[in-house]
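Enquirer: Input structure: data-v6.pdb, which contains PDB, C-alpha atoms.
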ATOM      1  CA  MET X  27      29.672  -3.608 -24.909
ATOM      2  CA  ALA X  28      27.648  -4.971 -21.982
ATOM      3  CA  PRO X  29      23.930  -5.518 -22.682
ATOM      4  CA  HIS X  30      21.567  -2.801 -21.486
ATOM      5  CA  LYS X  31      18.932  -3.452 -18.862
ATOM      6  CA  ALA X  32      15.741  -1.444 -18.303
ATOM      7  CA  VAL X  33      14.608  -0.055 -14.958
ATOM      8  CA  THR X  34      11.580  -2.259 -14.401
ATOM      9  CA  LEU X  35       9.883  -0.057 -11.795
ATOM     10  CA  THR X  36       7.762   1.677 -14.431
ATOM     11  CA  HIS X  37       8.603  -0.484 -17.437
ATOM     12  CA  VAL X  38       5.271  -2.042 -18.459
ATOM     13  CA  ARG X  39       4.674  -3.068 -22.067
ATOM     14  CA  TYR X  40       1.436  -3.823 -23.940
ATOM     15  CA  GLU X  41       0.475  -4.577 -27.514
ATOM     16  CA  LYS X  42       0.220  -1.451 -29.648
ATOM     17  CA  GLY X  43      -3.392  -0.532 -30.367
ATOM     18  CA  ASP X  44      -4.758  -2.640 -27.492
ATOM     19  CA  LEU X  45      -6.820  -0.143 -25.487
ATOM     20  CA  LEU X  46      -7.592  -2.641 -22.733
ATOM     21  CA  GLY X  47      -3.907  -3.521 -22.526
ATOM     22  CA  HIS X  48      -3.066   0.178 -22.294
ATOM     23  CA  PHE X  49      -5.527   0.592 -19.431
ATOM     24  CA  LEU X  50      -4.234  -2.470 -17.615
ATOM     25  CA  ALA X  51      -0.644  -1.297 -18.075
ATOM     26  CA  TRP X  52      -1.512   1.798 -16.046
ATOM     27  CA  ILE X  53      -3.325  -0.385 -13.507
ATOM     28  CA  SER X  54      -0.158  -2.438 -13.195
ATOM     29  CA  LEU X  55       1.674   0.704 -12.042
ATOM     30  CA  ILE X  56      -0.651   1.318  -9.092
ATOM     31  CA  PRO X  57       1.819  -0.134  -6.541
ATOM     32  CA  VAL X  58       4.340   2.482  -7.694
ATOM     33  CA  PHE X  59       1.782   5.289  -7.326
ATOM     34  CA  ILE X  60       0.814   4.090  -3.854
ATOM     35  CA  SER X  61       4.420   3.819  -2.699
ATOM     36  CA  LEU X  62       5.850   7.023  -4.154
ATOM     37  CA  GLY X  63       2.698   9.131  -4.054
ATOM     38  CA  GLY X  64       0.583   7.843  -1.206
ATOM     39  CA  PHE X  65       3.071   6.930   1.489
ATOM     40  CA  VAL X  66       5.600   9.670   0.752
ATOM     41  CA  SER X  67       2.802  12.253   0.834
ATOM     42  CA  HIS X  68       1.457  10.691   4.026
ATOM     43  CA  PHE X  69       4.800  11.048   5.767
ATOM     44  CA  ILE X  70       5.234  14.653   4.603
ATOM     45  CA  PHE X  71       1.773  15.843   5.618
ATOM     46  CA  ARG X  72       0.501  13.443   8.290
ATOM     47  CA  ARG X  73       3.421  11.735  10.121
ATOM     48  CA  GLU X  74       1.067   9.052  11.485
ATOM     49  CA  LEU X  75       2.675   5.958  12.991
ATOM     50  CA  GLN X  76      -0.084   3.724  11.642
ATOM     51  CA  GLY X  77       0.717   4.888   8.116
ATOM     52  CA  MET X  78       4.451   4.466   8.646
ATOM     53  CA  PHE X  79       4.096   0.899   9.882
ATOM     54  CA  PHE X  80       1.680   0.212   7.029
ATOM     55  CA  ALA X  81       4.470   1.191   4.624
ATOM     56  CA  ILE X  82       7.064  -0.823   6.564
ATOM     57  CA  GLY X  83       4.792  -3.862   6.302
ATOM     58  CA  LEU X  84       4.597  -3.490   2.529
ATOM     59  CA  ILE X  85       8.391  -3.305   2.326
ATOM     60  CA  ILE X  86       8.755  -6.440   4.461
ATOM     61  CA  SER X  87       6.162  -8.173   2.267
ATOM     62  CA  GLN X  88       8.148  -7.358  -0.859
ATOM     63  CA  LEU X  89      11.376  -8.628   0.708
ATOM     64  CA  ILE X  90       9.631 -11.901   1.566
ATOM     65  CA  ASN X  91       8.393 -12.078  -2.015
ATOM     66  CA  GLU X  92      11.945 -11.762  -3.358
ATOM     67  CA  LEU X  93      13.224 -14.451  -0.985
ATOM     68  CA  ILE X  94      10.490 -16.860  -2.085
ATOM     69  CA  LYS X  95      11.156 -16.126  -5.761
ATOM     70  CA  ASP X  96      14.872 -16.763  -5.337
ATOM     71  CA  PHE X  97      14.180 -20.012  -3.487
ATOM     72  CA  PHE X  98      11.674 -21.552  -5.922
ATOM     73  CA  GLN X  99      13.003 -19.862  -9.094
ATOM     74  CA  GLN X 100       9.845 -20.506 -11.079
ATOM     75  CA  ALA X 101      10.063 -19.066 -14.575
ATOM     76  CA  ARG X 102       7.647 -16.521 -15.954
ATOM     77  CA  PRO X 103       5.334 -17.551 -18.839
ATOM     78  CA  ALA X 104       6.672 -17.776 -22.396
ATOM     79  CA  THR X 105       4.800 -14.588 -23.310
ATOM     80  CA  CYS X 106       7.114 -12.666 -20.997
ATOM     81  CA  ALA X 107      10.042 -13.235 -23.364
ATOM     82  CA  LEU X 108       8.342 -10.975 -25.906
ATOM     83  CA  LEU X 109       8.208  -8.214 -23.307
ATOM     84  CA  GLU X 110      11.960  -8.320 -22.567
ATOM     85  CA  MET X 111      11.079  -8.597 -18.873
ATOM     86  CA  CYS X 112      12.042 -12.173 -18.004
ATOM     87  CA  ASP X 113      15.210 -11.477 -16.016
ATOM     88  CA  SER X 114      13.434 -12.252 -12.714
ATOM     89  CA  HIS X 115      11.426 -15.185 -11.398
ATOM     90  CA  GLY X 116       7.659 -15.234 -11.540
ATOM     91  CA  TRP X 117       6.291 -17.073  -8.478
ATOM     92  CA  PRO X 118       4.643 -15.482  -6.574
ATOM     93  CA  SER X 119       3.580 -12.283  -8.337
ATOM     94  CA  SER X 120       4.923  -9.300  -6.396
ATOM     95  CA  HIS X 121       2.328  -6.921  -7.861
ATOM     96  CA  SER X 122      -0.557  -9.118  -6.731
ATOM     97  CA  GLN X 123       1.032  -9.644  -3.329
ATOM     98  CA  TYR X 124       1.525  -5.903  -2.861
ATOM     99  CA  MET X 125      -2.019  -4.952  -3.808
ATOM    100  CA  PHE X 126      -3.742  -7.648  -1.738
ATOM    101  CA  PHE X 127      -1.568  -6.824   1.269
ATOM    102  CA  PHE X 128      -2.605  -3.193   0.787
ATOM    103  CA  ALA X 129      -6.307  -4.054   0.406
ATOM    104  CA  VAL X 130      -6.394  -6.261   3.519
ATOM    105  CA  TYR X 131      -4.478  -3.859   5.748
ATOM    106  CA  PHE X 132      -6.464  -0.860   4.480
ATOM    107  CA  THR X 133      -9.752  -2.692   5.101
ATOM    108  CA  LEU X 134      -8.808  -3.633   8.662
ATOM    109  CA  LEU X 135      -7.514  -0.137   9.352
ATOM    110  CA  THR X 136     -10.747   1.364   8.023
ATOM    111  CA  TYR X 137     -12.870  -0.802  10.301
ATOM    112  CA  LYS X 138     -10.582  -0.037  13.212
ATOM    113  CA  GLY X 139     -11.515   3.594  12.765
ATOM    114  CA  ILE X 140     -10.529   6.513  10.525
ATOM    115  CA  GLY X 141     -13.462   8.739  11.379
ATOM    116  CA  LEU X 142     -16.170   6.718   9.641
ATOM    117  CA  ARG X 143     -18.895   5.410  11.926
ATOM    118  CA  ASP X 144     -21.442   4.288   9.360
ATOM    119  CA  THR X 145     -20.890   0.796   7.948
ATOM    120  CA  ASN X 146     -22.056   1.829   4.471
ATOM    121  CA  ASN X 147     -19.457   4.587   4.363
ATOM    122  CA  LYS X 148     -16.746   2.131   5.379
ATOM    123  CA  LEU X 149     -17.830  -0.307   2.678
ATOM    124  CA  ALA X 150     -17.682   2.484   0.101
ATOM    125  CA  VAL X 151     -14.138   3.408   1.196
ATOM    126  CA  ILE X 152     -12.762  -0.139   1.000
ATOM    127  CA  PHE X 153     -14.470  -0.939  -2.324
ATOM    128  CA  LEU X 154     -11.816   0.810  -4.450
ATOM    129  CA  PRO X 155      -8.696  -0.948  -3.045
ATOM    130  CA  TRP X 156     -10.211  -4.390  -3.650
ATOM    131  CA  CYS X 157     -11.237  -3.460  -7.195
ATOM    132  CA  LEU X 158      -7.720  -2.205  -7.889
ATOM    133  CA  ALA X 159      -6.208  -5.357  -6.371
ATOM    134  CA  LEU X 160      -8.313  -7.603  -8.624
ATOM    135  CA  LEU X 161      -7.566  -5.472 -11.694
ATOM    136  CA  THR X 162      -3.847  -5.559 -10.926
ATOM    137  CA  MET X 163      -3.936  -9.344 -10.629
ATOM    138  CA  TRP X 164      -5.759  -9.596 -13.956
ATOM    139  CA  SER X 165      -3.401  -7.102 -15.631
ATOM    140  CA  ARG X 166      -0.318  -9.193 -14.849
ATOM    141  CA  VAL X 167      -1.844 -12.213 -16.611
ATOM    142  CA  TYR X 168      -3.384 -10.255 -19.486
ATOM    143  CA  LEU X 169      -0.138  -8.421 -20.249
ATOM    144  CA  GLY X 170       1.811 -11.680 -20.180
ATOM    145  CA  TYR X 171       4.012 -11.099 -17.135
ATOM    146  CA  HIS X 172       2.617 -13.924 -14.984
ATOM    147  CA  THR X 173       0.602 -17.110 -15.104
ATOM    148  CA  VAL X 174      -2.736 -17.479 -13.325
ATOM    149  CA  GLY X 175      -1.101 -19.612 -10.641
ATOM    150  CA  GLN X 176       1.567 -16.983  -9.991
ATOM    151  CA  VAL X 177      -0.903 -14.148  -9.436
ATOM    152  CA  PHE X 178      -3.127 -16.264  -7.192
ATOM    153  CA  ALA X 179      -0.101 -17.270  -5.144
ATOM    154  CA  GLY X 180       0.863 -13.612  -4.795
ATOM    155  CA  SER X 181      -2.635 -12.530  -3.830
ATOM    156  CA  GLY X 182      -2.979 -15.315  -1.252
ATOM    157  CA  LEU X 183       0.358 -14.469   0.321
ATOM    158  CA  GLY X 184      -0.569 -10.783   0.322
ATOM    159  CA  VAL X 185      -3.835 -11.480   2.159
ATOM    160  CA  PHE X 186      -2.036 -13.598   4.763
ATOM    161  CA  LEU X 187       0.836 -11.154   5.348
ATOM    162  CA  GLY X 188      -1.504  -8.131   5.388
ATOM    163  CA  GLY X 189      -3.668  -9.660   8.098
ATOM    164  CA  LEU X 190      -0.668 -10.897  10.079
ATOM    165  CA  TRP X 191       1.134  -7.561   9.951
ATOM    166  CA  PHE X 192      -2.005  -5.686  11.009
ATOM    167  CA  TRP X 193      -2.259  -7.952  14.048
ATOM    168  CA  VAL X 194       1.434  -7.460  14.886
ATOM    169  CA  VAL X 195       1.192  -3.666  14.604
ATOM    170  CA  ASN X 196      -2.065  -3.257  16.520
ATOM    171  CA  SER X 197      -1.529  -5.929  19.161
ATOM    172  CA  VAL X 198       2.229  -5.771  19.796
ATOM    173  CA  LEU X 199       3.953  -2.746  18.269
ATOM    174  CA  VAL X 200       1.208  -0.287  19.244
ATOM    175  CA  CYS X 201       2.459  -0.558  22.826
ATOM    176  CA  PHE X 202       5.666   1.163  21.700
ATOM    177  CA  PHE X 203       3.916   4.040  19.897
ATOM    178  CA  PRO X 204       4.039   6.411  22.931
ATOM    179  CA  MET X 205       7.781   5.755  23.285
ATOM    180  CA  ILE X 206       8.345   6.488  19.583
ATOM    181  CA  GLU X 207       6.333   9.706  19.853
ATOM    182  CA  GLU X 208       8.453  10.883  22.784
ATOM    183  CA  SER X 209      11.776   9.853  21.219
ATOM    184  CA  ALA X 210      14.185  12.314  19.617
ATOM    185  CA  PHE X 211      13.111  11.044  16.200
ATOM    186  CA  GLY X 212       9.424  11.430  17.006
ATOM    187  CA  ARG X 213       9.792  14.941  18.354
ATOM    188  CA  PHE X 214      12.043  16.116  15.520
ATOM    189  CA  PHE X 215       9.734  14.837  12.769
ATOM    190  CA  TYR X 216       6.468  15.548  14.646
ATOM    191  CA  VAL X 217       5.518  11.874  14.533
ATOM    192  CA  LYS X 218       2.168  11.090  16.143
ATOM    193  CA  ASP X 219      -0.373   8.366  16.734
ATOM    194  CA  THR X 220      -4.101   9.062  16.630
ATOM    195  CA  SER X 221      -5.267   5.435  16.495
ATOM    196  CA  HIS X 222      -6.520   5.703  20.091
ATOM    197  CA  ILE X 223      -8.950   8.495  19.108
ATOM    198  CA  PRO X 224     -12.370   7.013  18.187
ATOM    199  CA  ASN X 225     -13.122   9.549  15.432
ATOM    200  CA  VAL X 226      -9.980  11.240  14.111
ATOM    201  CA  LEU X 227     -11.783  13.313  11.485
ATOM    202  CA  GLU X 228     -14.202  14.722  14.049
ATOM    203  CA  PHE X 229     -11.365  15.371  16.516
ATOM    204  CA  GLU X 230      -9.266  17.269  13.969
ATOM    205  CA  TYR X 231     -12.297  19.154  12.653
ATOM    206  CA  ASP X 232     -13.347  20.315  16.126
ATOM    207  CA  ASN X 233      -9.818  21.362  17.075
ATOM    208  CA  ALA X 234      -9.295  23.203  13.795
ATOM    209  CA  ARG X 235     -12.528  25.158  14.330
ATOM    210  CA  LYS X 236     -11.555  25.885  17.932
ATOM    211  CA  ALA X 237      -8.164  27.239  16.838
ATOM    212  CA  ARG X 238      -9.832  29.352  14.154
ATOM    213  CA  SER X 239     -12.319  30.775  16.678
ATOM    214  CA  GLU X 240      -9.497  31.683  19.074
ATOM    215  CA  MET X 241      -7.608  33.410  16.249
ATOM    216  CA  ALA X 242     -10.727  35.317  15.211
ATOM    217  CA  ALA X 243     -11.305  36.417  18.816
ATOM    218  CA  LYS X 244      -7.775  37.856  18.997
ATOM    219  CA  CYS X 245      -8.374  39.832  15.805
ATOM    220  CA  ASP X 246     -11.598  41.428  17.092
TER     221      ASP X 246
END
Starting from the file, lay out its structure as structure tokens.

Expert:
Amino acid sequence: MAPHKAVTLTHVRYEKGDLLGHFLAWISLIPVFISLGGFVSHFIFRRELQGMFFAIGLIISQLINELIKDFFQQARPATCALLEMCDSHGWPSSHSQYMFFFAVYFTLLTYKGIGLRDTNNKLAVIFLPWCLALLTMWSRVYLGYHTVGQVFAGSGLGVFLGGLWFWVVNSVLVCFFPMIEESAFGRFFYVKDTSHIPNVLEFEYDNARKARSEMAAKCD
């Protein structure tokens, strides 16, 4: 009989009774929650091109990570053998790369404008992604999946690719956003771009109230 292999997407192990390890195991799953929960929900309810290209950038980042791993083929630490999760290479850490790409792109997108004008509010919004990125990096070492060097390599690459992809999207690809909106795909899926609106939250709030007032006037 052929040996069985686990689906590693949500397969995170920790030492029984280790409460910190249990917490960090859940932290280690944050990239999965962001991908399946955050971006899927964003597409269903928002259909924003900025969000779509954010997700595409993360996918490209992960593909680059796999190519680098296959090229260098650096082994994971010895502790990984106890976790039955050493069937892939360890350098650079894909979890760290994912989270730092996310933190950088999210930070730049926040400062570009998502309806927050006050700097303190923006700092409060971007605080959580960076905390989660650092915790994810720590979790991969603590749980025995990566060495310190592997997580720092992943985080550094994530920072670089996140900043580069943000520049590509908002300096090059943004010119094609109107064409995508007017395409058959854009019209069918109600794809839109609001990145040119200074305060999206205020714009949507005002238009929602206006529509409500017009509906109320018809009912009177």

Enquirer: Which residue, X:Leu75, X:Val130, X:Leu160, X:Leu190, has the smallest gap to Met205 (chain X) when you use only C-alpha atoms?

Expert: X:Leu75

Enquirer: Report as number ranges by chain all protein, DNA and RNA residues lying within 8 Å of region 59-68 of chain X, evaluated on only C-alpha atoms, omitting residues in the same chain fewer than 3 positions from it.

Expert: X: 55-56, 71-74, 77-78, 81

Enquirer: Limited to C-alpha atoms, could you put the picked residues into a file as an mmCIF file, in the coordinates of the input?

Expert:
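Writing the result to result29.cif gives the following:
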data_model
loop_
_atom_site.group_PDB
_atom_site.id
_atom_site.type_symbol
_atom_site.label_atom_id
_atom_site.label_comp_id
_atom_site.auth_asym_id
_atom_site.auth_seq_id
_atom_site.Cartn_x
_atom_site.Cartn_y
_atom_site.Cartn_z
ATOM 1 C CA LEU X 55 1.674 0.704 -12.042
ATOM 2 C CA ILE X 56 -0.651 1.318 -9.092
ATOM 3 C CA PHE X 71 1.773 15.843 5.618
ATOM 4 C CA ARG X 72 0.501 13.443 8.290
ATOM 5 C CA ARG X 73 3.421 11.735 10.121
ATOM 6 C CA GLU X 74 1.067 9.052 11.485
ATOM 7 C CA GLY X 77 0.717 4.888 8.116
ATOM 8 C CA MET X 78 4.451 4.466 8.646
ATOM 9 C CA ALA X 81 4.470 1.191 4.624
#

Enquirer: I'd like to know which of X:Glu41, X:Gln76, X:Tyr131, X:Gly170 is closest to Ile206 (chain X), using all atoms listed in the file.

Expert: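 Among the listed residues, the smallest separation from Ile206 (chain X) belongs to X:Gln76.
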
Enquirer: Tell me which protein, DNA and RNA residues are within 12 Å of Trp193 (chain X), counting only C-alpha atoms, leaving out same-chain ones fewer than 3 positions away, and put them as a ChimeraX atom specification.

Expert: /X:79-80,83,130-131,134-135,138,186-190,196-200

Enquirer: Please write the residues from the selection above to a file, keeping C-alpha atoms, as an mmCIF file, in the coordinates of the input.

Expert:
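Dumped to part-v8.cif:
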data_model
loop_
_atom_site.group_PDB
_atom_site.id
_atom_site.type_symbol
_atom_site.label_atom_id
_atom_site.label_comp_id
_atom_site.auth_asym_id
_atom_site.auth_seq_id
_atom_site.Cartn_x
_atom_site.Cartn_y
_atom_site.Cartn_z
ATOM 1 C CA PHE X 79 4.096 0.899 9.882
ATOM 2 C CA PHE X 80 1.680 0.212 7.029
ATOM 3 C CA GLY X 83 4.792 -3.862 6.302
ATOM 4 C CA VAL X 130 -6.394 -6.261 3.519
ATOM 5 C CA TYR X 131 -4.478 -3.859 5.748
ATOM 6 C CA LEU X 134 -8.808 -3.633 8.662
ATOM 7 C CA LEU X 135 -7.514 -0.137 9.352
ATOM 8 C CA LYS X 138 -10.582 -0.037 13.212
ATOM 9 C CA PHE X 186 -2.036 -13.598 4.763
ATOM 10 C CA LEU X 187 0.836 -11.154 5.348
ATOM 11 C CA GLY X 188 -1.504 -8.131 5.388
ATOM 12 C CA GLY X 189 -3.668 -9.660 8.098
ATOM 13 C CA LEU X 190 -0.668 -10.897 10.079
ATOM 14 C CA ASN X 196 -2.065 -3.257 16.520
ATOM 15 C CA SER X 197 -1.529 -5.929 19.161
ATOM 16 C CA VAL X 198 2.229 -5.771 19.796
ATOM 17 C CA LEU X 199 3.953 -2.746 18.269
ATOM 18 C CA VAL X 200 1.208 -0.287 19.244
#

Enquirer: Could you list, as a list in words, every residue matched by the PyMOL selection byres ((chain X and resi 220) around 12) in this structure?

Expert: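 With the shown file as input, the PyMOL selection byres ((chain X and resi 220) around 12) matches Arg72, Arg73, Glu74, Leu75, Gln76, Gly77, Lys138, Gly139, Ile140, Gly141, Val200, Phe203, Pro204, Glu207, Val217, Lys218, Asp219, Ser221, His222, Ile223, Pro224, Asn225, Val226, Leu227, Glu228, Phe229 and Glu230 of chain X.
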
Enquirer: Rank nothing, just name the residue among X:Thr136, X:Lys236, X:Gly116, X:Arg213 nearest to Asn91 (chain X), using all atoms listed in the file.

Expert: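 The closest residue to Asn91 (chain X) is X:Gly116.
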
Enquirer: Applied to the shown file, which residues does the PyMOL selection byres ((chain X and resi 174) around 12) return, written as a ChimeraX atom specification?

Expert: /X:102-103,116-119,122,163-173,175-181

Enquirer: Expressed in Å to a single decimal, how great is the separation between CA of Phe126 (chain X) and CA of Cys157 (chain X)?

Expert: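 According to the coordinates, CA of Phe126 (chain X) and CA of Cys157 (chain X) are separated by 10.2 Å.
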
Enquirer: Tell me, in Å to one decimal, how far CA of Leu93 (chain X) is from CA of Ser120 (chain X).

Expert: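 These two atoms are separated by 11.2 Å.
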
Enquirer: What's the separation between CA of Leu50 (chain X) and CA of Gly184 (chain X), in Å to one decimal place?

Expert: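 According to the coordinates, CA of Leu50 (chain X) and CA of Gly184 (chain X) are separated by 20.1 Å.
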